[in-house]
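Engineer: Below is the file target_5.cif, which contains mmCIF, C-alpha atoms.
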data_run
#
loop_
_atom_site.group_PDB
_atom_site.id
_atom_site.type_symbol
_atom_site.label_atom_id
_atom_site.label_comp_id
_atom_site.auth_asym_id
_atom_site.auth_seq_id
_atom_site.Cartn_x
_atom_site.Cartn_y
_atom_site.Cartn_z
ATOM 1 C CA GLY A 1 228.306 204.754 -30.176
ATOM 2 C CA MET A 2 228.393 208.540 -29.941
ATOM 3 C CA CYS A 3 227.927 211.425 -32.332
ATOM 4 C CA VAL A 4 228.151 215.174 -31.795
ATOM 5 C CA VAL A 5 225.850 217.814 -33.286
ATOM 6 C CA ALA A 6 225.448 221.553 -32.787
ATOM 7 C CA VAL A 7 222.131 223.387 -32.472
ATOM 8 C CA HIS A 8 221.853 227.109 -33.240
ATOM 9 C CA LEU A 9 219.184 228.584 -30.970
ATOM 10 C CA ARG A 10 218.126 231.336 -33.375
ATOM 11 C CA ARG A 11 218.168 229.230 -36.537
ATOM 12 C CA SER A 12 216.431 226.209 -34.970
ATOM 13 C CA PRO A 13 214.118 227.595 -32.286
ATOM 14 C CA GLY A 14 211.679 224.703 -32.603
ATOM 15 C CA LEU A 15 214.360 222.080 -32.028
ATOM 16 C CA ALA A 16 215.865 224.099 -29.195
ATOM 17 C CA SER A 17 212.452 224.317 -27.542
ATOM 18 C CA TYR A 18 211.875 220.581 -27.955
ATOM 19 C CA LEU A 19 215.270 219.867 -26.378
ATOM 20 C CA ARG A 20 214.510 222.411 -23.624
ATOM 21 C CA ILE A 21 217.590 224.442 -24.413
ATOM 22 C CA HIS A 22 217.014 228.033 -23.336
ATOM 23 C CA SER A 23 220.510 229.491 -23.239
ATOM 24 C CA ALA A 24 223.866 229.110 -24.931
ATOM 25 C CA PRO A 25 226.284 227.571 -24.543
ATOM 26 C CA SER A 26 224.533 224.451 -23.231
ATOM 27 C CA LEU A 27 225.455 220.791 -23.318
ATOM 28 C CA LEU A 28 222.823 218.090 -23.711
ATOM 29 C CA ALA A 29 223.172 214.343 -24.178
ATOM 30 C CA VAL A 30 220.554 211.944 -25.550
ATOM 31 C CA ILE A 31 220.929 208.222 -24.810
ATOM 32 C CA SER A 32 218.148 205.791 -25.785
ATOM 33 C CA GLY A 33 215.724 208.703 -26.021
ATOM 34 C CA ARG A 34 216.570 209.996 -22.538
ATOM 35 C CA MET A 35 217.823 213.585 -22.379
ATOM 36 C CA THR A 36 220.389 214.602 -19.774
ATOM 37 C CA ALA A 37 221.685 218.152 -19.386
ATOM 38 C CA PHE A 38 225.161 219.026 -18.173
ATOM 39 C CA LYS A 39 224.563 220.934 -14.956
ATOM 40 C CA GLY A 40 228.006 222.388 -14.315
ATOM 41 C CA THR A 41 228.747 226.060 -14.833
ATOM 42 C CA HIS A 42 232.205 225.342 -16.235
ATOM 43 C CA ILE A 43 232.930 222.686 -18.855
ATOM 44 C CA SER A 44 236.305 221.032 -18.315
ATOM 45 C CA PHE A 45 237.851 217.997 -19.990
ATOM 46 C CA ASP A 46 237.625 215.858 -16.848
ATOM 47 C CA GLY A 47 234.130 217.098 -16.092
ATOM 48 C CA LEU A 48 233.021 216.261 -19.608
ATOM 49 C CA LYS A 49 234.460 212.739 -19.337
ATOM 50 C CA ASP A 50 232.654 212.160 -16.040
ATOM 51 C CA PHE A 51 229.412 213.493 -17.495
ATOM 52 C CA MET A 52 229.596 211.198 -20.499
ATOM 53 C CA ALA A 53 230.580 208.130 -18.472
ATOM 54 C CA GLU A 54 227.455 208.528 -16.340
ATOM 55 C CA LEU A 55 225.219 208.571 -19.411
ATOM 56 C CA PHE A 56 225.632 204.897 -20.244
ATOM 57 C CA PRO A 57 223.368 202.280 -18.616
ATOM 58 C CA SER A 58 224.965 200.490 -15.677
ATOM 59 C CA ASP A 59 225.027 197.160 -17.538
ATOM 60 C CA THR A 60 226.967 198.516 -20.539
ATOM 61 C CA LEU A 61 230.207 197.000 -19.213
ATOM 62 C CA LEU A 62 229.983 194.257 -16.609
ATOM 63 C CA LYS A 63 232.786 194.240 -14.053
ATOM 64 C CA VAL A 64 234.360 190.803 -14.495
ATOM 65 C CA SER A 65 236.467 189.118 -11.824
ATOM 66 C CA ASP A 66 237.614 185.601 -10.960
ATOM 67 C CA SER A 67 234.284 184.868 -9.280
ATOM 68 C CA ASN A 68 231.985 185.634 -12.220
ATOM 69 C CA LEU A 69 234.218 185.009 -15.262
ATOM 70 C CA ASP A 70 232.868 181.565 -16.132
ATOM 71 C CA SER A 71 229.229 182.587 -15.725
ATOM 72 C CA PHE A 72 229.841 185.606 -17.954
ATOM 73 C CA LEU A 73 231.487 183.558 -20.702
ATOM 74 C CA GLY A 74 228.798 180.892 -20.427
ATOM 75 C CA GLY A 75 225.934 183.346 -20.853
ATOM 76 C CA TRP A 76 225.881 183.132 -24.651
ATOM 77 C CA GLN A 77 222.358 181.666 -24.595
ATOM 78 C CA ASP A 78 221.254 185.295 -24.759
ATOM 79 C CA ASN A 79 222.427 185.100 -28.407
ATOM 80 C CA ARG A 80 225.388 187.431 -27.893
ATOM 81 C CA VAL A 81 229.135 187.086 -28.322
ATOM 82 C CA ARG A 82 231.291 187.756 -25.234
ATOM 83 C CA ALA A 83 234.015 190.413 -25.173
ATOM 84 C CA ILE A 84 236.244 191.478 -22.287
ATOM 85 C CA PHE A 85 238.348 194.616 -22.119
ATOM 86 C CA PHE A 86 241.425 194.495 -19.886
ATOM 87 C CA SER A 87 243.099 197.607 -18.462
ATOM 88 C CA HIS A 88 245.176 198.660 -15.458
ATOM 89 C CA LYS A 89 242.754 201.538 -14.784
ATOM 90 C CA ALA A 90 240.114 201.074 -12.103
ATOM 91 C CA GLN A 91 237.374 202.587 -14.293
ATOM 92 C CA PRO A 92 236.868 201.741 -17.975
ATOM 93 C CA SER A 93 237.680 204.305 -20.625
ATOM 94 C CA LEU A 94 235.025 205.906 -22.795
ATOM 95 C CA ARG A 95 236.833 204.170 -25.676
ATOM 96 C CA PHE A 96 235.442 200.944 -24.191
ATOM 97 C CA MET A 97 232.073 202.239 -23.022
ATOM 98 C CA ALA A 98 230.954 203.732 -26.337
ATOM 99 C CA PRO A 99 231.536 200.660 -28.554
ATOM 100 C CA ALA A 100 230.169 198.369 -25.836
ATOM 101 C CA PHE A 101 226.958 200.390 -25.888
ATOM 102 C CA TYR A 102 226.842 200.505 -29.685
ATOM 103 C CA TYR A 103 227.178 196.718 -30.050
ATOM 104 C CA ARG A 104 225.078 195.806 -27.002
ATOM 105 C CA ASP A 105 222.492 193.905 -29.075
ATOM 106 C CA ARG A 106 225.140 191.551 -30.487
ATOM 107 C CA ILE A 107 227.971 191.565 -27.938
ATOM 108 C CA ALA A 108 227.935 191.375 -24.143
ATOM 109 C CA CYS A 109 230.981 193.297 -22.954
ATOM 110 C CA GLY A 110 232.866 192.960 -19.697
ATOM 111 C CA TYR A 111 235.726 194.803 -18.051
ATOM 112 C CA VAL A 112 238.645 193.451 -16.030
ATOM 113 C CA HIS A 113 240.742 195.760 -13.871
ATOM 114 C CA THR A 114 244.078 193.986 -14.207
ATOM 115 C CA MET A 115 245.441 195.397 -10.934
ATOM 116 C CA SER A 116 242.493 194.190 -8.867
ATOM 117 C CA PRO A 117 243.291 191.360 -6.414
ATOM 118 C CA GLU A 118 239.941 189.800 -7.375
ATOM 119 C CA ALA A 119 241.019 189.386 -11.026
ATOM 120 C CA GLN A 120 244.526 187.951 -10.785
ATOM 121 C CA SER A 121 243.496 184.397 -11.658
ATOM 122 C CA THR A 122 241.749 185.717 -14.775
ATOM 123 C CA VAL A 123 244.796 187.766 -15.772
ATOM 124 C CA ARG A 124 247.068 184.740 -15.428
ATOM 125 C CA ARG A 125 244.618 182.419 -17.171
ATOM 126 C CA PHE A 126 244.747 184.450 -20.381
ATOM 127 C CA GLY A 127 248.331 185.664 -20.134
ATOM 128 C CA ILE A 128 247.342 189.323 -19.973
ATOM 129 C CA ASN A 129 249.978 192.037 -19.640
ATOM 130 C CA LYS A 130 248.713 194.015 -16.650
ATOM 131 C CA HIS A 131 250.061 197.296 -17.953
ATOM 132 C CA ARG A 132 248.602 197.138 -21.444
ATOM 133 C CA GLU A 133 245.050 197.250 -22.677
ATOM 134 C CA SER A 134 243.733 194.087 -24.288
ATOM 135 C CA LEU A 135 240.491 192.877 -25.821
ATOM 136 C CA LEU A 136 239.515 189.217 -25.943
ATOM 137 C CA MET A 137 236.417 187.698 -27.526
ATOM 138 C CA TRP A 138 234.585 184.386 -27.315
ATOM 139 C CA ASN A 139 231.696 182.747 -29.056
ATOM 140 C CA GLU A 140 229.646 179.865 -27.678
ATOM 141 C CA VAL A 141 232.217 177.148 -28.379
ATOM 142 C CA GLN A 142 234.453 178.146 -25.491
ATOM 143 C CA GLU A 143 236.524 174.988 -25.328
ATOM 144 C CA SER A 144 237.813 175.383 -28.876
ATOM 145 C CA THR A 145 237.951 179.143 -29.285
ATOM 146 C CA LEU A 146 240.464 180.290 -26.704
ATOM 147 C CA ALA A 147 243.193 179.996 -29.326
ATOM 148 C CA ALA A 148 241.115 180.674 -32.431
ATOM 149 C CA ILE A 149 238.658 183.388 -31.428
ATOM 150 C CA ILE A 150 240.480 185.246 -28.692
ATOM 151 C CA LEU A 151 242.387 188.003 -30.438
ATOM 152 C CA SER A 152 246.088 187.262 -30.547
ATOM 153 C CA LEU A 153 248.040 189.019 -27.820
ATOM 154 C CA THR A 154 250.883 189.545 -30.292
ATOM 155 C CA PHE A 155 248.505 191.720 -32.290
ATOM 156 C CA PHE A 156 248.607 194.270 -29.468
ATOM 157 C CA SER A 157 252.311 193.972 -28.664
ATOM 158 C CA TYR A 158 253.179 197.312 -30.232
ATOM 159 C CA MET A 159 250.335 199.254 -28.596
ATOM 160 C CA GLN A 160 249.985 200.515 -25.061
ATOM 161 C CA GLN A 161 246.430 201.672 -25.759
ATOM 162 C CA LEU A 162 243.716 200.341 -28.039
ATOM 163 C CA SER A 163 242.453 202.878 -30.547
ATOM 164 C CA ARG A 164 238.736 203.290 -31.074
ATOM 165 C CA SER A 165 239.092 202.292 -34.721
ATOM 166 C CA THR A 166 240.850 199.053 -33.730
ATOM 167 C CA ILE A 167 238.138 198.228 -31.196
ATOM 168 C CA ASP A 168 235.364 198.911 -33.705
ATOM 169 C CA GLU A 169 237.028 196.799 -36.374
ATOM 170 C CA ILE A 170 237.460 193.825 -34.046
ATOM 171 C CA LEU A 171 233.948 193.969 -32.614
ATOM 172 C CA GLU A 172 232.357 194.405 -36.033
ATOM 173 C CA HIS A 173 234.255 191.452 -37.487
ATOM 174 C CA ASN A 174 233.315 189.119 -34.610
ATOM 175 C CA LYS A 175 229.828 190.247 -33.615
ATOM 176 C CA TYR A 176 227.998 186.978 -34.340
ATOM 177 C CA LEU A 177 228.056 183.628 -32.609
ATOM 178 C CA ALA A 178 229.249 180.595 -34.538
ATOM 179 C CA LEU A 179 225.562 179.747 -34.947
ATOM 180 C CA PRO A 180 223.424 182.804 -34.177
ATOM 181 C CA ARG A 181 219.702 182.586 -33.601
ATOM 182 C CA ILE A 182 217.488 184.683 -35.855
ATOM 183 C CA SER A 183 215.540 186.331 -33.064
ATOM 184 C CA SER A 184 214.307 189.548 -34.683
ATOM 185 C CA GLN A 185 213.677 191.174 -38.036
ATOM 186 C CA LYS A 186 216.850 193.214 -37.592
ATOM 187 C CA MET A 187 218.892 190.043 -37.114
ATOM 188 C CA PHE A 188 217.214 188.478 -40.155
ATOM 189 C CA ASP A 189 218.080 191.532 -42.263
ATOM 190 C CA GLU A 190 221.712 191.372 -41.138
ATOM 191 C CA LEU A 191 222.251 187.647 -41.653
ATOM 192 C CA CYS A 192 220.006 187.240 -44.686
ATOM 193 C CA PRO A 193 220.077 190.589 -46.521
ATOM 194 C CA LEU A 194 218.213 191.410 -49.705
ATOM 195 C CA GLN A 195 220.138 190.417 -52.814
ATOM 196 C CA PRO A 196 220.811 192.796 -55.728
ATOM 197 C CA LYS A 197 219.726 191.052 -58.928
ATOM 198 C CA LEU A 198 223.042 191.599 -60.676
ATOM 199 C CA LYS A 199 225.115 189.973 -57.945
ATOM 200 C CA LYS A 200 225.588 186.323 -57.153
ATOM 201 C CA SER A 201 223.031 185.292 -54.583
ATOM 202 C CA ARG A 202 223.953 184.849 -50.950
ATOM 203 C CA LEU A 203 222.403 181.970 -49.080
ATOM 204 C CA CYS A 204 221.030 181.828 -45.584
ATOM 205 C CA VAL A 205 220.947 178.303 -44.141
ATOM 206 C CA ALA A 206 218.804 177.952 -41.043
ATOM 207 C CA LEU A 207 218.136 175.013 -38.764
ATOM 208 C CA ILE A 208 214.546 175.049 -37.518
ATOM 209 C CA THR A 209 214.273 173.633 -34.011
ATOM 210 C CA LYS A 210 212.052 173.818 -30.998
ATOM 211 C CA GLN A 211 213.231 175.582 -27.869
ATOM 212 C CA ALA A 212 213.531 172.273 -26.088
ATOM 213 C CA PRO A 213 216.363 170.173 -24.618
ATOM 214 C CA ASP A 214 215.730 167.272 -26.998
ATOM 215 C CA HIS A 215 216.694 169.513 -29.939
ATOM 216 C CA GLU A 216 219.925 170.727 -28.341
ATOM 217 C CA ALA A 217 221.884 167.886 -29.948
ATOM 218 C CA ALA A 218 220.793 169.083 -33.392
ATOM 219 C CA ARG A 219 221.877 172.629 -32.622
ATOM 220 C CA ILE A 220 225.259 171.416 -31.404
ATOM 221 C CA SER A 221 225.941 169.251 -34.459
ATOM 222 C CA PHE A 222 224.699 171.963 -36.832
ATOM 223 C CA ARG A 223 226.924 174.497 -35.072
ATOM 224 C CA GLU A 224 229.897 172.182 -35.540
ATOM 225 C CA PHE A 225 229.058 171.932 -39.229
ATOM 226 C CA ALA A 226 228.774 175.722 -39.558
ATOM 227 C CA SER A 227 232.143 176.191 -37.844
ATOM 228 C CA SER A 228 234.084 173.539 -39.735
ATOM 229 C CA SER A 229 232.510 173.146 -43.163
ATOM 230 C CA PRO A 230 234.651 174.237 -46.136
ATOM 231 C CA ILE A 231 231.462 175.594 -47.719
ATOM 232 C CA GLN A 232 231.482 178.556 -45.352
ATOM 233 C CA THR A 233 232.171 181.598 -47.513
ATOM 234 C CA ASP A 234 230.987 185.186 -47.725
ATOM 235 C CA ARG A 235 228.028 183.867 -49.697
ATOM 236 C CA VAL A 236 226.676 181.545 -46.994
ATOM 237 C CA LYS A 237 225.473 182.361 -43.479
ATOM 238 C CA PHE A 238 224.362 179.717 -40.988
ATOM 239 C CA ALA A 239 221.805 180.319 -38.253
ATOM 240 C CA TYR A 240 218.955 178.667 -36.398
ATOM 241 C CA ILE A 241 215.346 179.543 -35.640
ATOM 242 C CA TYR A 242 213.093 178.620 -32.749
ATOM 243 C CA GLU A 243 209.970 177.283 -34.439
ATOM 244 C CA ASP A 244 207.832 177.862 -31.360
ATOM 245 C CA LYS A 245 208.863 181.535 -31.236
ATOM 246 C CA GLN A 246 208.595 182.252 -34.983
ATOM 247 C CA GLN A 247 205.548 180.160 -35.861
ATOM 248 C CA ASN A 248 204.181 182.542 -38.497
ATOM 249 C CA PHE A 249 207.467 182.630 -40.388
ATOM 250 C CA VAL A 250 207.914 178.855 -40.301
ATOM 251 C CA GLN A 251 204.297 178.209 -41.331
ATOM 252 C CA ALA A 252 204.755 180.507 -44.327
ATOM 253 C CA LEU A 253 207.496 178.126 -45.482
ATOM 254 C CA THR A 254 205.884 174.804 -44.591
ATOM 255 C CA LYS A 255 202.411 175.921 -45.707
ATOM 256 C CA GLY A 256 201.171 174.353 -42.505
ATOM 257 C CA ASN A 257 202.371 170.868 -43.454
ATOM 258 C CA VAL A 258 204.170 168.672 -40.921
ATOM 259 C CA THR A 259 205.482 165.577 -42.672
ATOM 260 C CA ARG A 260 208.815 164.884 -40.979
ATOM 261 C CA SER A 261 209.413 162.113 -38.505
ATOM 262 C CA GLN A 262 210.499 162.987 -34.987
ATOM 263 C CA LEU A 263 214.016 161.832 -35.851
ATOM 264 C CA VAL A 264 214.893 164.865 -37.992
ATOM 265 C CA VAL A 265 214.457 168.625 -37.968
ATOM 266 C CA GLU A 266 214.151 170.944 -40.937
ATOM 267 C CA VAL A 267 216.978 172.867 -42.577
ATOM 268 C CA VAL A 268 215.853 175.669 -44.879
ATOM 269 C CA ILE A 269 218.116 177.151 -47.561
ATOM 270 C CA LEU A 270 216.878 180.566 -48.650
ATOM 271 C CA THR A 271 217.738 183.753 -50.465
ATOM 272 C CA ARG A 272 215.789 187.016 -50.322
ATOM 273 C CA TYR A 273 214.868 189.064 -53.376
ATOM 274 C CA ASP A 274 212.308 191.338 -51.713
ATOM 275 C CA GLN A 275 211.640 192.625 -48.207
ATOM 276 C CA ARG A 276 208.905 190.027 -47.751
ATOM 277 C CA LYS A 277 209.586 187.535 -50.565
ATOM 278 C CA LEU A 278 212.166 184.796 -50.758
ATOM 279 C CA SER A 279 213.202 181.694 -52.668
ATOM 280 C CA TYR A 280 213.901 178.592 -50.642
ATOM 281 C CA GLU A 281 213.943 174.851 -50.277
ATOM 282 C CA PHE A 282 214.251 172.368 -47.444
ATOM 283 C CA LEU A 283 217.134 169.937 -47.180
ATOM 284 C CA GLU A 284 215.668 166.783 -48.692
ATOM 285 C CA ASP A 285 216.138 164.439 -45.736
ATOM 286 C CA GLY A 286 216.334 167.056 -42.997
ATOM 287 C CA TRP A 287 218.947 167.173 -40.233
ATOM 288 C CA GLY A 288 219.280 164.076 -38.112
ATOM 289 C CA LEU A 289 218.709 164.167 -34.371
ATOM 290 C CA ASP A 290 220.470 160.829 -33.996
ATOM 291 C CA PRO A 291 224.279 161.317 -33.947
ATOM 292 C CA VAL A 292 224.591 158.283 -36.239
ATOM 293 C CA THR A 293 222.716 160.098 -39.027
ATOM 294 C CA VAL A 294 224.478 163.461 -38.674
ATOM 295 C CA PRO A 295 227.405 162.625 -41.022
ATOM 296 C CA GLU A 296 224.967 161.876 -43.833
ATOM 297 C CA SER A 297 223.052 165.093 -43.083
ATOM 298 C CA ARG A 298 226.329 166.997 -43.326
ATOM 299 C CA ARG A 299 227.190 165.395 -46.676
ATOM 300 C CA GLN A 300 223.757 166.118 -48.137
ATOM 301 C CA LEU A 301 223.794 169.755 -47.066
ATOM 302 C CA GLU A 302 227.334 170.346 -48.267
ATOM 303 C CA ARG A 303 226.587 168.756 -51.637
ATOM 304 C CA ARG A 304 223.395 170.772 -52.080
ATOM 305 C CA LEU A 305 225.070 174.067 -51.208
ATOM 306 C CA HIS A 306 227.853 173.377 -53.703
ATOM 307 C CA GLU A 307 225.248 172.797 -56.429
ATOM 308 C CA ILE A 308 223.387 176.018 -55.681
ATOM 309 C CA LEU A 309 226.505 178.167 -55.366
ATOM 310 C CA ALA A 310 227.911 176.786 -58.615
ATOM 311 C CA GLY A 311 224.726 177.793 -60.426
ATOM 312 C CA ASP A 312 223.857 174.215 -61.330
ATOM 313 C CA SER A 313 220.554 174.360 -59.481
ATOM 314 C CA LEU A 314 217.988 176.902 -58.318
ATOM 315 C CA LEU A 315 215.808 177.355 -55.270
ATOM 316 C CA THR A 316 212.396 176.637 -56.742
ATOM 317 C CA LEU A 317 209.989 177.375 -53.897
ATOM 318 C CA ARG A 318 208.627 180.878 -53.264
ATOM 319 C CA ALA A 319 207.062 182.367 -50.175
ATOM 320 C CA VAL A 320 205.828 185.658 -48.789
ATOM 321 C CA VAL A 321 206.922 185.757 -45.173
ATOM 322 C CA PRO A 322 205.891 187.912 -42.205
ATOM 323 C CA GLU A 323 208.370 189.846 -40.136
ATOM 324 C CA PHE A 324 210.205 188.211 -37.269
ATOM 325 C CA TYR A 325 209.113 189.270 -33.816
#
If you took the structure in this file and wrote it as structure tokens, what would it be?
Structural biologist:
Amino acid sequence: GMCVVAVHLRRSPGLASYLRIHSAPSLLAVISGRMTAFKGTHISFDGLKDFMAELFPSDTLLKVSDSNLDSFLGGWQDNRVRAIFFSHKAQPSLRFMAPAFYYRDRIACGYVHTMSPEAQSTVRRFGINKHRESLLMWNEVQESTLAAIILSLTFFSYMQQLSRSTIDEILEHNKYLALPRISSQKMFDELCPLQPKLKKSRLCVALITKQAPDHEAARISFREFASSSPIQTDRVKFAYIYEDKQQNFVQALTKGNVTRSQLVVEVVILTRYDQRKLSYEFLEDGWGLDPVTVPESRRQLERRLHEILAGDSLLTLRAVVPEFY
């Protein structure tokens, strides 16, 4: 989340002028394009920590207590994983602030002061050691992830303090929901990256739904499939797309045709071989909206993915797609 560079006033006068640095030594921070100069005459360790802590936006780490815990964990509709740092200190460390800022597009981070009277129910609920730092994470399936997704407390039993490298590793490994929504070109590039020709292709499997309550059942059942299917490997990523928000992309695949009944939604299996070009196909019978038909949809998709991954079949359709927006 942070990097440090040095500017030599005489060797880089143009850059120094642009940054409005007129004397040395000077200290300047740039966050999201906003420049902030250190105004003190003496740079101390504590003063530097305070200066850096004030640089981050106020919503970088949400203060979580008993009263807002459930609403925080339930806010995953913003397409972000939830993470909570626990510490006995009243104010969060920069070791928490910096990674929380870095991963802000994928992870919503909160902070619990374990000594606060307003957080004791939360501390007991998760069995937190008040005197040790901890980091817990959740995806959208809260009921089933408290044991599986929350990082094991025994993992931290030998540490009093979480290292930055440990925090980065954990956040990086768990930065996506069980079924993330492809909501931008950046997200598309991360979940469905371009494939080198010499490597085995990676597949992106996306459920195409409308942003409507009557399609929520399909998203739930598809999410359950993505979380539990044995097909889930490093070569397959599952996601979903809002058709009404990404109309140009979806129309590039359907060629403008709408032939499905209202009882199913589309599932597209794709692989990218160019920034704008991809190979793809739709699941033959789509994904059932009726719970009775979901088991058959699961079997068809699993069988088809096995065939493609084994090299027994190819994705035969081609499309040039616009960027996500």
Engineer: List as a list of chain:residue names the protein and nucleic acid residues near range 94-98 of chain A, meaning an atom at most 7 Å away when all atoms listed in the file are counted, but skip any in the same chain fewer than 2 places from it.
Structural biologist: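 Once the nearby chain positions are removed, what remains is A:Gly1, A:Met2, A:Ala53, A:Thr60, A:Leu61, A:Pro92, A:Ala100, A:Phe101, A:Tyr102, A:Arg164.
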Engineer: Okay, now the selection with C-alpha atoms, as a PDB file, in the frame of the given file?
Structural biologist:
ATOM      1  CA  GLY A   1     228.306 204.754 -30.176  1.00  0.00           C
ATOM      2  CA  MET A   2     228.393 208.540 -29.941  1.00  0.00           C
ATOM      3  CA  ALA A  53     230.580 208.130 -18.472  1.00  0.00           C
ATOM      4  CA  THR A  60     226.967 198.516 -20.539  1.00  0.00           C
ATOM      5  CA  LEU A  61     230.207 197.000 -19.213  1.00  0.00           C
ATOM      6  CA  PRO A  92     236.868 201.741 -17.975  1.00  0.00           C
ATOM      7  CA  ALA A 100     230.169 198.369 -25.836  1.00  0.00           C
ATOM      8  CA  PHE A 101     226.958 200.390 -25.888  1.00  0.00           C
ATOM      9  CA  TYR A 102     226.842 200.505 -29.685  1.00  0.00           C
ATOM     10  CA  ARG A 164     238.736 203.290 -31.074  1.00  0.00           C
TER      11      ARG A 164
END
Engineer: Kindly give the distance, in Å, that separates CA of Arg104 in chain A and CA of Val123 in chain A, rounded to a single decimal.
Structural biologist: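 Computing the Euclidean distance for CA of Arg104 in chain A and CA of Val123 in chain A yields 24.1 Å.
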Engineer: Taking the file above as input, evaluate the PyMOL selection byres ((chain A and resi 210) around 6) and report the hits as an mmCIF file with C-alpha atoms, in the coordinates of the input.
Structural biologist:
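Listing of result15.cif after writing:
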data_model
loop_
_atom_site.group_PDB
_atom_site.id
_atom_site.type_symbol
_atom_site.label_atom_id
_atom_site.label_comp_id
_atom_site.auth_asym_id
_atom_site.auth_seq_id
_atom_site.Cartn_x
_atom_site.Cartn_y
_atom_site.Cartn_z
ATOM 1 C CA THR A 209 214.273 173.633 -34.011
ATOM 2 C CA GLN A 211 213.231 175.582 -27.869
ATOM 3 C CA ALA A 212 213.531 172.273 -26.088
ATOM 4 C CA TYR A 242 213.093 178.620 -32.749
ATOM 5 C CA GLU A 243 209.970 177.283 -34.439
ATOM 6 C CA ASP A 244 207.832 177.862 -31.360
#
Engineer: Counting all atoms listed in the file, which residues of range 193-295 of chain A sit at most 12 Å from some atom of range 71-87 of chain A, and what is each one's closest atom pair with its distance in Å to one decimal, listed by chain and rising residue number, as a tab-separated table?
Structural biologist:
residue	atom	partner	partner_atom	distance
A:Gln211	CA	A:Gln77	CA	11.4
A:Glu216	CA	A:Gln77	CA	11.8
A:Ala239	CA	A:Asn79	CA	11.0
A:Tyr240	CA	A:Asn79	CA	10.8
A:Ile241	CA	A:Asn79	CA	11.5
Engineer: Hey, could you pull the box centre and edge lengths for range 102-114 of chain A, axis-aligned, 4 Å padding per side, all listed atoms, to one decimal in Å, as JSON?
Structural biologist:
{"center_x": 233.3, "center_y": 195.9, "center_z": -22.2, "size_x": 29.6, "size_y": 17.1, "size_z": 24.6}
Engineer: Under the rule that all atoms listed in the file are counted, which of A:Trp287, A:Tyr325, A:Phe126, A:Phe249 is the nearest residue to Ser221 in chain A?
Structural biologist: A:Trp287
Engineer: Would you pick out the contacts of Thr41 in chain A at 12 Å or less, using all atoms listed in the file, so that residues sharing its chain but fewer than 5 positions from it are not included, and give the list as number ranges by chain?
Structural biologist: A: 24-27, 47-48
Engineer: Selected by the PyMOL selection byres ((chain A and resi 173-187) around 8) in the shown coordinates: which residues, as a list in words?
Structural biologist: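 Checked against the file, the PyMOL selection byres ((chain A and resi 173-187) around 8) matches Asn79, Arg80, Val81, Tyr103, Arg106, Ile107, Met137, Asn139, Glu140, Val141, Glu169, Ile170, Leu171, Glu172, Phe188, Asp189, Glu190, Leu191, Arg223, Ala226, Ser227, Phe238, Ala239, Tyr240, Ile241, Tyr242, Glu323, Phe324 and Tyr325 of chain A.
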Engineer: Let me see the file: selected residues, C-alpha atoms, as an mmCIF file, in the coordinates of the input.
Structural biologist:
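Contents of again_22.cif, freshly written:
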data_model
loop_
_atom_site.group_PDB
_atom_site.id
_atom_site.type_symbol
_atom_site.label_atom_id
_atom_site.label_comp_id
_atom_site.auth_asym_id
_atom_site.auth_seq_id
_atom_site.Cartn_x
_atom_site.Cartn_y
_atom_site.Cartn_z
ATOM 1 C CA ASN A 79 222.427 185.100 -28.407
ATOM 2 C CA ARG A 80 225.388 187.431 -27.893
ATOM 3 C CA VAL A 81 229.135 187.086 -28.322
ATOM 4 C CA TYR A 103 227.178 196.718 -30.050
ATOM 5 C CA ARG A 106 225.140 191.551 -30.487
ATOM 6 C CA ILE A 107 227.971 191.565 -27.938
ATOM 7 C CA MET A 137 236.417 187.698 -27.526
ATOM 8 C CA ASN A 139 231.696 182.747 -29.056
ATOM 9 C CA GLU A 140 229.646 179.865 -27.678
ATOM 10 C CA VAL A 141 232.217 177.148 -28.379
ATOM 11 C CA GLU A 169 237.028 196.799 -36.374
ATOM 12 C CA ILE A 170 237.460 193.825 -34.046
ATOM 13 C CA LEU A 171 233.948 193.969 -32.614
ATOM 14 C CA GLU A 172 232.357 194.405 -36.033
ATOM 15 C CA PHE A 188 217.214 188.478 -40.155
ATOM 16 C CA ASP A 189 218.080 191.532 -42.263
ATOM 17 C CA GLU A 190 221.712 191.372 -41.138
ATOM 18 C CA LEU A 191 222.251 187.647 -41.653
ATOM 19 C CA ARG A 223 226.924 174.497 -35.072
ATOM 20 C CA ALA A 226 228.774 175.722 -39.558
ATOM 21 C CA SER A 227 232.143 176.191 -37.844
ATOM 22 C CA PHE A 238 224.362 179.717 -40.988
ATOM 23 C CA ALA A 239 221.805 180.319 -38.253
ATOM 24 C CA TYR A 240 218.955 178.667 -36.398
ATOM 25 C CA ILE A 241 215.346 179.543 -35.640
ATOM 26 C CA TYR A 242 213.093 178.620 -32.749
ATOM 27 C CA GLU A 323 208.370 189.846 -40.136
ATOM 28 C CA PHE A 324 210.205 188.211 -37.269
ATOM 29 C CA TYR A 325 209.113 189.270 -33.816
#
Engineer: Would you please work out which residue, of A:Ala217, A:Cys3, A:Val236, A:Ile208, is nearest to Leu253 in chain A when using only C-alpha atoms?
Structural biologist: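 Checking each of A:Ala217, A:Cys3, A:Val236, A:Ile208 against Leu253 in chain A, counting only C-alpha atoms, the winner is A:Ile208.
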Engineer: What is the CA of Asp274 in chain A to CA of Arg304 in chain A distance in Å?
Structural biologist: 23.4 Å
Engineer: Using all atoms listed in the file, which of A:Arg298, A:Ala206, A:Asp66, A:Asp105 sits nearest Arg124 in chain A?
Structural biologist: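 Counting all atoms listed in the file, the residue closest to Arg124 in chain A is A:Asp66.
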Engineer: So that I can see what lies close to Arg276 in chain A, please list as a list in words the residues with an atom at most 9 Å from it, counting all atoms listed in the file and leaving out residues fewer than 4 positions away in the same chain.
Structural biologist: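 Here the qualifying residues turn out to be Arg272, Ala319, Val320, Val321, Pro322 and Glu323 of chain A.
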